[in-house]
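*Asks:* So that we are looking at the same thing, I have put the structure below in structure tokens.
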Amino acid sequence: MDASRIVDEFPAPSFRGAQEQALRDIRDAFAAGNDVVLVRAPTGSGKSLLARAICGAAATVEESRPRDATDAYYTTPQVSQLDDVASDALLDDFQVIRGKRNYTCLLDGEEDTPVNQAPCARQRGFDCSVKHRCPYYSARAIASNRRIAAMTLAYFMQTAGSDVFRKRDVVVIDEAHGLAEWAEMYATIDLSPRTVPVWDDLRVPGVEEASDPLERTVRFADALVGVCTNAKDDLLAKQELSPDEAARRDRLQELISELKWFVDDARDPQSPTTWVVDQPGGADSSISIKPLDPARYLKHTVWDRGNSFALLSATILNKEAFCRGVGLNPDRVALVDVPHTFPLEHRSLYDVTQGKMTYEHRDETIPKIARLLVRLMAAHPDEKGLVHCHSYRIQERLHERLAGMGVAARVRGHGRDDRNDALEAWKASSKPTLFLSVKMEEALDLNGDLCRWQVLCKAPYLNTSDSRVARRLEDGQWAWYHRAALRTVIQACGRVVRAPDDYGATYLADSSLLDLFDRARGDLPPWFREQVDAIQSPALSGFDPAAALAGIDATPTPTRVDRSSPTPPSSARSSSSGASSTSPSSGSSASSDSSASSTDRGRRHPLSDVWGE
């Protein structure tokens with residue numbers, strides 16, 4: 001890596017905000033001999049452009065020896081962010097590669113078949129006459145030979161050890177704050193009717209009821225390897241497979257590899273991994289096998305893949321804790337802080353807390369939050385809003401309450417099946433509706449009039465019933481627990497203010513959020529601490545459903561405000577307060593848990609919507 005090239009490799013015609021100084025600091029950090037540079041850059045810093053400049057400093061083939069690593073990888077956990085990179089003209093030298101399922105076959109009659117289910121994947125010894133033109137293999141070949149190959153983190157990890165995607169000189173990981181969690185997900189083995197093709201042939205023991213749950217799980221996993229191997233061999237004996245059979249074969253092979261790795265590791269007395277097992281449903285129900293310390297999985301899948309690394313995020317909150325979690329030596333890691341250049345008054349936080357949203361207090365607090373939303377809609381009659389609901393159950397209950405209050409015409413929601421379509425339809429609409437979202441705290445760009453206000457209705461603490469979380473809390477890792485929630489809050493706060501001339505209001509409805517800020521104050525980035533210290537308590541008008549609907553019949557194009565001279569949210573200019581609740585209605589357009597398909601019920605990991613090839 002030639003760190004001196006970083007500033008000159010910036011792809012835009014001019015710098016914005018603190019970009020130039022950030023690149024100089026990154027250059028100096030690498031020049032000082034650090035292998036890894038953490039770049040803590042707030043929303044709107046132009047992290048993708050910073051990433052391009054860093055990638056541009058990678059050694060080239062022309063200046064290197066044949067055995068030396070050259071070129072760069074750019075990777076991000078977020079599929080939507082990879083889409084943004086692919087469409088950015090300033091990043092046109094990023095060659096994007098996706099998994100096979102994202103490309104379709106060229107053969108006659110197979111034009112709608114994903115490459116991972118095409119005849120080459122179904123027929124033994126199939127000789128494809130157009131493989132040289134196959135969209136997937138062509139894209140892979142191009143990406144493997146371009147200076148910067150861009151891919152999702154999942155695809156990057158899955159190609160570890162590949163001859164095609166070899167070690168490179170520079171690796172840039174965007175949105176790197178969740179790297180430890182991605183490693184945990186990568187190493188977790190979920191055994192359920194959705195993930196185990198031979199599930200109906202099994203007798204699943206109640207592993208948590210055993211005196212040694214882990215040993216009982218190991219024995220079951222070992223036996224399952226045999227069942228899966230027999231099923232796979234039956235498929236391999238066929239000359240040709242249907243698309244469904246090809247997918248079944250691939251899943252069986254993947255599962256066999258996962259289970260063998262787990263069995264060998266769990267039985268290795270020298271292994272540093274602590275495995276935990278969850279089976280809340282008891283015998284004949286799903287089992288989740290999870291490693292407590294995922295850092296070792298990152299060595300092969302990430303750290304062995306490059307010479308120099310830049311990890312970008314707004315929410316790498318504690319350098320030492322982050323390094324411990326991902327297996328890095330903090331002495332070889334530098335932290336570069338990029339200041340926030342957006343005016344503080346454009347990114348205001350408002351205290352509208354209605355009580356706690358913990359499970360035992362939720363029945364009391366949700367009706368109050370529903371009434372609060374009505375008052376906020378009245379305060380923002382011509383502006384679109386977003387509610388971070390945290391879970392589908394909370395989303396459902398809020399929608400029922402709002403429908404019962406007569407304001408359903410202004411409320412939109414989504415389910416697990418239609419989350420992306422519903423989001424895009426809401427963004428495309430000019431009506432000032434309120435969108436009840438679930439798990440959209442990251443990778444969501446609501447610039448300008450797409451959204452002017454949002455509500456955090458629950459502190460996003462991790463589920464303590466998860467065995468990994470419970471074990472860490474038993475070990476006293478409360479600081480980690482609070483940092484995980486704080487990270488999600490900071491990410492959420494960045495959804496509605498995306499540029500220096502943009503502005504938006506974030507309302508805090510759960511009193512546990514204020515407690516979180518106090519408990520994790522030492523981990524607040526300086527620019528977010530400014531926001532917390534400037535929290536206001538707005539004066540809101542009384543509960544008036546008619547006022548909440550005042551702007552819903554407005555003309556299709558909402559009134560636009562000159563953003564060169566923004567005004568504070570109208571809620572901060574209102575007055576008075578409201579009172580008690582009303583009974584819910586069954587007329588909800590937001591999806592409930594009971595309406596989700598069995599397939600979707602298997603996709604409830606917080607990151608499942610962005611985890612893909």
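Following the order of the structure tokens, chains are lettered A, B, ..., residues in each are numbered from 1, and ligands are numbered from 1.
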Extract the full set of strand (DSSP E) residues from range 426-455 of chain A according to DSSP on the backbone, and format it as a list in words.

*Replies:* Leu434, Phe435, Leu436, Ser437, Trp453, Gln454 and Val455 of chain A

*Asks:* At a cut-off of 8 Å, can you tabulate as JSON lines every residue of range 263-360 of chain A near range 212-233 of chain A together with its closest atom pair and the distance in Å to one decimal, using only C-alpha atoms and ordering rows by chain then number?

*Replies:*
```
{"residue": "A:Val263", "atom": "CA", "partner": "A:Val218", "partner_atom": "CA", "distance": 5.7}
{"residue": "A:Ala266", "atom": "CA", "partner": "A:Val218", "partner_atom": "CA", "distance": 7.3}
{"residue": "A:Trp275", "atom": "CA", "partner": "A:Leu214", "partner_atom": "CA", "distance": 7.4}
{"residue": "A:Val276", "atom": "CA", "partner": "A:Leu214", "partner_atom": "CA", "distance": 7.0}
{"residue": "A:Val277", "atom": "CA", "partner": "A:Leu214", "partner_atom": "CA", "distance": 6.7}
```

*Asks:* As an MDAnalysis selection string, please: the residues near range 476-488 of chain A (cut-off 8 Å, only C-alpha atoms, same-chain neighbours under 5 positions excluded).

*Replies:* chainID A and resid 315:317 321 441:442 459:462 469 516:517 519:520 523

*Asks:* Could you turn the residues from that selection into a file that holds all heavy atoms, as a CSV table (one decimal), in the first residue's frame?

*Replies:*
```csv
chain,number,residue,atom,x,y,z
A,315,THR,N,-20.3,4.1,14.2
A,315,THR,CA,-20.5,3.6,15.5
A,315,THR,C,-19.5,2.5,16.0
A,315,THR,O,-19.9,1.5,16.6
A,315,THR,CB,-22.0,3.0,15.6
A,315,THR,OG1,-22.2,2.1,14.5
A,315,THR,CG2,-23.0,4.1,15.5
A,316,ILE,N,-18.3,2.7,15.7
A,316,ILE,CA,-17.2,1.9,16.4
A,316,ILE,C,-17.0,2.7,17.7
A,316,ILE,O,-16.2,3.7,17.7
A,316,ILE,CB,-16.0,1.7,15.5
A,316,ILE,CG1,-16.3,0.9,14.3
A,316,ILE,CG2,-14.9,1.1,16.3
A,316,ILE,CD1,-15.1,0.7,13.3
A,317,LEU,N,-17.6,2.3,18.7
A,317,LEU,CA,-17.7,3.2,19.9
A,317,LEU,C,-16.5,3.1,20.8
A,317,LEU,O,-16.2,4.1,21.6
A,317,LEU,CB,-19.0,2.8,20.7
A,317,LEU,CG,-20.3,2.9,19.9
A,317,LEU,CD1,-21.5,2.6,20.7
A,317,LEU,CD2,-20.5,4.4,19.3
A,321,ALA,N,-12.5,-2.4,22.9
A,321,ALA,CA,-13.6,-3.4,23.0
A,321,ALA,C,-13.8,-4.0,21.6
A,321,ALA,O,-14.0,-5.2,21.4
A,321,ALA,CB,-14.8,-2.8,23.6
A,441,GLU,N,-33.1,0.5,11.2
A,441,GLU,CA,-32.2,1.5,11.8
A,441,GLU,C,-30.9,1.7,11.0
A,441,GLU,O,-30.2,2.7,11.2
A,441,GLU,CB,-31.8,1.0,13.2
A,441,GLU,CG,-33.0,1.0,14.2
A,441,GLU,CD,-33.6,-0.4,14.3
A,441,GLU,OE1,-33.2,-1.3,13.4
A,441,GLU,OE2,-34.4,-0.7,15.2
A,442,GLU,N,-30.6,0.8,10.1
A,442,GLU,CA,-29.4,1.0,9.3
A,442,GLU,C,-29.7,0.9,7.8
A,442,GLU,O,-30.7,0.4,7.4
A,442,GLU,CB,-28.4,-0.2,9.6
A,442,GLU,CG,-27.9,-0.2,11.1
A,442,GLU,CD,-26.8,-1.2,11.3
A,442,GLU,OE1,-26.0,-1.3,10.4
A,442,GLU,OE2,-26.8,-1.8,12.4
A,459,ALA,N,-35.9,1.3,23.4
A,459,ALA,CA,-34.4,1.2,23.5
A,459,ALA,C,-34.1,-0.2,22.9
A,459,ALA,O,-34.6,-1.2,23.4
A,459,ALA,CB,-33.9,1.3,24.9
A,460,PRO,N,-33.2,-0.3,21.9
A,460,PRO,CA,-33.0,-1.6,21.2
A,460,PRO,C,-32.0,-2.5,21.9
A,460,PRO,O,-31.0,-2.9,21.3
A,460,PRO,CB,-32.5,-1.1,19.8
A,460,PRO,CG,-31.7,0.2,20.2
A,460,PRO,CD,-32.5,0.8,21.3
A,461,TYR,N,-32.3,-2.9,23.1
A,461,TYR,CA,-31.4,-3.8,23.8
A,461,TYR,C,-31.5,-5.2,23.2
A,461,TYR,O,-32.6,-5.6,22.7
A,461,TYR,CB,-31.8,-3.9,25.3
A,461,TYR,CG,-31.3,-2.7,26.1
A,461,TYR,CD1,-32.2,-1.7,26.6
A,461,TYR,CD2,-29.9,-2.5,26.4
A,461,TYR,CE1,-31.7,-0.6,27.3
A,461,TYR,CE2,-29.5,-1.5,27.1
A,461,TYR,CZ,-30.4,-0.5,27.6
A,461,TYR,OH,-29.9,0.6,28.3
A,462,LEU,N,-30.4,-5.9,23.3
A,462,LEU,CA,-30.4,-7.3,22.8
A,462,LEU,C,-31.3,-8.2,23.7
A,462,LEU,O,-31.5,-7.9,24.9
A,462,LEU,CB,-29.0,-7.9,22.8
A,462,LEU,CG,-28.0,-7.1,21.8
A,462,LEU,CD1,-26.6,-7.7,22.0
A,462,LEU,CD2,-28.4,-7.3,20.4
A,469,VAL,N,-26.2,-13.7,24.8
A,469,VAL,CA,-26.4,-12.5,25.5
A,469,VAL,C,-26.4,-12.9,27.0
A,469,VAL,O,-25.7,-12.2,27.9
A,469,VAL,CB,-27.7,-11.8,25.1
A,469,VAL,CG1,-27.9,-10.6,26.0
A,469,VAL,CG2,-27.6,-11.4,23.7
A,516,LEU,N,-30.0,4.8,28.9
A,516,LEU,CA,-28.9,4.3,28.1
A,516,LEU,C,-27.9,5.3,27.9
A,516,LEU,O,-26.7,5.0,28.0
A,516,LEU,CB,-29.5,3.8,26.8
A,516,LEU,CG,-28.5,3.3,25.7
A,516,LEU,CD1,-27.6,2.2,26.2
A,516,LEU,CD2,-29.2,3.0,24.4
A,517,PHE,N,-28.3,6.6,27.6
A,517,PHE,CA,-27.3,7.6,27.3
A,517,PHE,C,-26.4,7.9,28.6
A,517,PHE,O,-25.2,8.1,28.5
A,517,PHE,CB,-28.0,8.9,26.9
A,517,PHE,CG,-28.7,8.8,25.6
A,517,PHE,CD1,-29.8,9.6,25.3
A,517,PHE,CD2,-28.3,7.9,24.6
A,517,PHE,CE1,-30.4,9.5,24.1
A,517,PHE,CE2,-28.9,7.8,23.4
A,517,PHE,CZ,-30.0,8.6,23.1
A,519,ARG,N,-25.8,5.6,31.0
A,519,ARG,CA,-25.0,4.4,31.3
A,519,ARG,C,-23.8,4.3,30.3
A,519,ARG,O,-22.7,3.8,30.7
A,519,ARG,CB,-25.8,3.2,31.2
A,519,ARG,CG,-26.8,3.0,32.4
A,519,ARG,CD,-27.7,1.8,32.2
A,519,ARG,NE,-28.7,1.6,33.2
A,519,ARG,CZ,-28.5,1.0,34.4
A,519,ARG,NH1,-27.3,0.5,34.7
A,519,ARG,NH2,-29.5,0.9,35.3
A,520,ALA,N,-24.0,4.7,29.1
A,520,ALA,CA,-23.0,4.5,28.1
A,520,ALA,C,-22.3,5.8,27.7
A,520,ALA,O,-21.8,6.0,26.6
A,520,ALA,CB,-23.6,3.8,26.8
A,523,ASP,N,-18.9,6.1,26.0
A,523,ASP,CA,-18.8,5.6,24.7
A,523,ASP,C,-19.5,6.4,23.6
A,523,ASP,O,-19.5,6.0,22.4
A,523,ASP,CB,-19.3,4.1,24.6
A,523,ASP,CG,-18.5,3.1,25.4
A,523,ASP,OD1,-17.2,3.2,25.2
A,523,ASP,OD2,-19.0,2.3,26.1
```

*Asks:* Between A:Met185, A:Gly99, A:Ala310, A:Glu62, which one has atoms that come closest to Ser48 in chain A, using only C-alpha atoms?

*Replies:*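 Result for the nearest residue to Ser48 in chain A: A:Ala310.
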
*Asks:* Env of Val204 in chain A: 7 Å cut, atoms = only C-alpha atoms, seq-sep filter 5 positions within chain, self excluded. Answer as a ChimeraX atom specification.

*Replies:* /A:283-285

*Asks:* Please produce a file of the residues just selected, as a PDB file, in the first residue's frame, where the atoms kept are all heavy atoms.

*Replies:*
```
ATOM      1  N   ALA A 283     -37.978 -30.679  23.078  1.00  0.00           N
ATOM      2  CA  ALA A 283     -37.817 -31.781  22.129  1.00  0.00           C
ATOM      3  C   ALA A 283     -38.643 -31.569  20.865  1.00  0.00           C
ATOM      4  O   ALA A 283     -39.749 -31.000  20.909  1.00  0.00           O
ATOM      5  CB  ALA A 283     -38.207 -33.096  22.796  1.00  0.00           C
ATOM      6  N   ASP A 284     -38.085 -32.003  19.727  1.00  0.00           N
ATOM      7  CA  ASP A 284     -38.727 -31.914  18.403  1.00  0.00           C
ATOM      8  C   ASP A 284     -38.850 -30.479  17.890  1.00  0.00           C
ATOM      9  O   ASP A 284     -39.596 -30.228  16.936  1.00  0.00           O
ATOM     10  CB  ASP A 284     -40.113 -32.577  18.412  1.00  0.00           C
ATOM     11  CG  ASP A 284     -40.033 -34.075  18.685  1.00  0.00           C
ATOM     12  OD1 ASP A 284     -39.117 -34.717  18.138  1.00  0.00           O
ATOM     13  OD2 ASP A 284     -40.875 -34.577  19.454  1.00  0.00           O
ATOM     14  N   SER A 285     -38.139 -29.552  18.514  1.00  0.00           N
ATOM     15  CA  SER A 285     -38.177 -28.166  18.051  1.00  0.00           C
ATOM     16  C   SER A 285     -36.790 -27.734  17.579  1.00  0.00           C
ATOM     17  O   SER A 285     -35.802 -28.463  17.712  1.00  0.00           O
ATOM     18  CB  SER A 285     -38.666 -27.238  19.167  1.00  0.00           C
ATOM     19  OG  SER A 285     -37.692 -27.144  20.194  1.00  0.00           O
TER      20      SER A 285
END
```

*Asks:* Using only C-alpha atoms, which of A:His399, A:Arg140, A:Lys356, A:Lys100 sits nearest Leu513 in chain A?

*Replies:* A:Lys356

*Asks:* Which residues, written as a short mmCIF file (atom, residue, chain, number, x, y, z; two decimals) with N, CA and C atoms, in the first residue's frame, have at least one atom at most 8 Å from Arg168 in chain A, with only C-alpha atoms counted and residues fewer than 5 positions away on the same chain left out?

*Replies:*
```cif
data_model
loop_
_atom_site.label_atom_id
_atom_site.label_comp_id
_atom_site.auth_asym_id
_atom_site.auth_seq_id
_atom_site.Cartn_x
_atom_site.Cartn_y
_atom_site.Cartn_z
N ALA A 69 0.63 -9.44 -3.02
CA ALA A 69 -0.80 -9.10 -3.11
C ALA A 69 -0.95 -7.70 -3.69
N THR A 70 -1.93 -7.55 -4.57
CA THR A 70 -2.18 -6.26 -5.21
C THR A 70 -3.69 -5.96 -5.18
N ASP A 71 -4.04 -4.75 -5.56
CA ASP A 71 -5.43 -4.34 -5.74
C ASP A 71 -6.20 -4.31 -4.42
N ALA A 72 -7.53 -4.16 -4.51
CA ALA A 72 -8.32 -3.89 -3.29
C ALA A 72 -9.68 -4.57 -3.35
N TYR A 73 -10.21 -4.82 -2.16
CA TYR A 73 -11.60 -5.25 -1.99
C TYR A 73 -12.35 -4.13 -1.28
N ARG A 305 -7.19 -12.11 4.30
CA ARG A 305 -7.54 -11.75 2.91
C ARG A 305 -6.88 -10.46 2.44
N GLY A 306 -6.09 -9.80 3.28
CA GLY A 306 -5.48 -8.54 2.87
C GLY A 306 -4.27 -8.19 3.72
N ASN A 307 -3.52 -7.19 3.26
CA ASN A 307 -2.37 -6.68 4.01
C ASN A 307 -2.75 -5.52 4.91
#
```

*Asks:* Nearest to Ile289 in chain A: which of A:Tyr136, A:Tyr503, A:Phe262, A:Phe15 is it, counting only C-alpha atoms?

*Replies:* A:Phe262

*Asks:* Using only C-alpha atoms for the distances, tell me which of A:Ala180, A:Ile369, A:Leu344, A:Ala237 is nearest to Val497 in chain A.

*Replies:*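 Looking only at the distances to Val497 in chain A, the closest residue turns out to be A:Leu344.
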
*Asks:* Between A:Ala428, A:Ala370, A:Leu444, A:Met377, single out the one closest to Ile552 in chain A, counting only C-alpha atoms.

*Replies:* A:Met377

*Asks:* Show which residues sit within 10 Å of Gly46 in chain A, as a list in words. Count only C-alpha atoms, and ignore same-chain residues fewer than 3 positions away.

*Replies:*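 Using only C-alpha atoms, the neighbours found are Phe15, Arg16, Gly17, Ala18, Gln19, Ala41, Pro42, Thr43, Leu49, Leu50, Ala51, Arg498 and Ala499 of chain A.
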
*Asks:* Can I get the selected residues back with all heavy atoms, as a CSV table (one decimal), in the first residue's frame?

*Replies:*
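Once everything was written out, this is again_12.csv:
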```
chain,number,residue,atom,x,y,z
A,15,PHE,N,-13.7,18.4,-2.3
A,15,PHE,CA,-14.0,17.8,-1.0
A,15,PHE,C,-15.2,18.5,-0.3
A,15,PHE,O,-15.5,19.6,-0.6
A,15,PHE,CB,-12.8,18.0,0.0
A,15,PHE,CG,-11.6,17.2,-0.5
A,15,PHE,CD1,-10.5,17.9,-1.1
A,15,PHE,CD2,-11.5,15.8,-0.3
A,15,PHE,CE1,-9.4,17.2,-1.5
A,15,PHE,CE2,-10.3,15.1,-0.7
A,15,PHE,CZ,-9.3,15.8,-1.3
A,16,ARG,N,-15.9,17.7,0.6
A,16,ARG,CA,-17.0,18.3,1.3
A,16,ARG,C,-16.8,18.0,2.8
A,16,ARG,O,-16.3,17.0,3.2
A,16,ARG,CB,-18.3,17.5,0.9
A,16,ARG,CG,-19.6,18.1,1.4
A,16,ARG,CD,-20.7,17.3,1.0
A,16,ARG,NE,-20.8,16.1,1.8
A,16,ARG,CZ,-21.5,15.0,1.6
A,16,ARG,NH1,-22.3,15.0,0.5
A,16,ARG,NH2,-21.5,13.9,2.3
A,17,GLY,N,-17.1,19.0,3.6
A,17,GLY,CA,-17.0,18.9,5.0
A,17,GLY,C,-15.6,18.6,5.4
A,17,GLY,O,-14.7,19.3,5.1
A,18,ALA,N,-15.4,17.5,6.2
A,18,ALA,CA,-14.1,17.2,6.8
A,18,ALA,C,-13.4,16.1,6.0
A,18,ALA,O,-12.5,15.5,6.5
A,18,ALA,CB,-14.3,16.7,8.2
A,19,GLN,N,-13.8,15.9,4.7
A,19,GLN,CA,-13.3,14.7,4.0
A,19,GLN,C,-11.8,14.9,3.7
A,19,GLN,O,-11.0,13.9,3.9
A,19,GLN,CB,-14.0,14.6,2.6
A,19,GLN,CG,-15.4,14.1,2.7
A,19,GLN,CD,-16.2,14.2,1.4
A,19,GLN,OE1,-15.9,15.0,0.5
A,19,GLN,NE2,-17.1,13.3,1.3
A,41,ALA,N,-16.8,7.7,11.2
A,41,ALA,CA,-17.3,8.8,10.4
A,41,ALA,C,-18.8,8.9,10.5
A,41,ALA,O,-19.5,7.9,10.2
A,41,ALA,CB,-16.8,8.7,8.9
A,42,PRO,N,-19.4,10.0,10.9
A,42,PRO,CA,-20.8,10.1,11.1
A,42,PRO,C,-21.6,10.0,9.7
A,42,PRO,O,-21.0,10.2,8.7
A,42,PRO,CB,-21.0,11.4,11.8
A,42,PRO,CG,-19.8,12.2,11.4
A,42,PRO,CD,-18.7,11.3,11.3
A,43,THR,N,-22.9,9.8,9.8
A,43,THR,CA,-23.7,9.8,8.6
A,43,THR,C,-23.5,11.1,7.8
A,43,THR,O,-23.5,12.2,8.4
A,43,THR,CB,-25.2,9.7,9.0
A,43,THR,OG1,-25.4,8.5,9.8
A,43,THR,CG2,-26.1,9.7,7.8
A,49,LEU,N,-16.9,7.5,-0.7
A,49,LEU,CA,-15.8,8.2,-1.4
A,49,LEU,C,-14.5,8.1,-0.6
A,49,LEU,O,-13.5,8.0,-1.3
A,49,LEU,CB,-16.2,9.7,-1.5
A,49,LEU,CG,-17.5,10.0,-2.3
A,49,LEU,CD1,-17.8,11.5,-2.4
A,49,LEU,CD2,-17.4,9.4,-3.7
A,50,LEU,N,-14.6,8.1,0.7
A,50,LEU,CA,-13.3,7.9,1.5
A,50,LEU,C,-12.8,6.5,1.2
A,50,LEU,O,-11.6,6.3,1.0
A,50,LEU,CB,-13.6,8.0,3.0
A,50,LEU,CG,-14.1,9.4,3.5
A,50,LEU,CD1,-14.3,9.4,5.0
A,50,LEU,CD2,-13.2,10.5,3.1
A,51,ALA,N,-13.8,5.5,1.1
A,51,ALA,CA,-13.4,4.1,0.8
A,51,ALA,C,-12.7,4.0,-0.5
A,51,ALA,O,-11.7,3.3,-0.7
A,51,ALA,CB,-14.6,3.2,0.9
A,498,ARG,N,-29.3,13.6,6.2
A,498,ARG,CA,-28.3,12.9,5.3
A,498,ARG,C,-27.3,13.9,4.6
A,498,ARG,O,-26.4,13.4,3.9
A,498,ARG,CB,-29.1,12.2,4.2
A,498,ARG,CG,-30.2,11.2,4.8
A,498,ARG,CD,-29.6,10.1,5.6
A,498,ARG,NE,-28.7,9.3,4.8
A,498,ARG,CZ,-28.1,8.2,5.3
A,498,ARG,NH1,-28.2,7.9,6.5
A,498,ARG,NH2,-27.3,7.5,4.5
A,499,ALA,N,-27.5,15.2,4.8
A,499,ALA,CA,-26.6,16.1,4.1
A,499,ALA,C,-26.5,17.4,5.0
A,499,ALA,O,-27.4,17.6,5.9
A,499,ALA,CB,-27.2,16.5,2.7
```
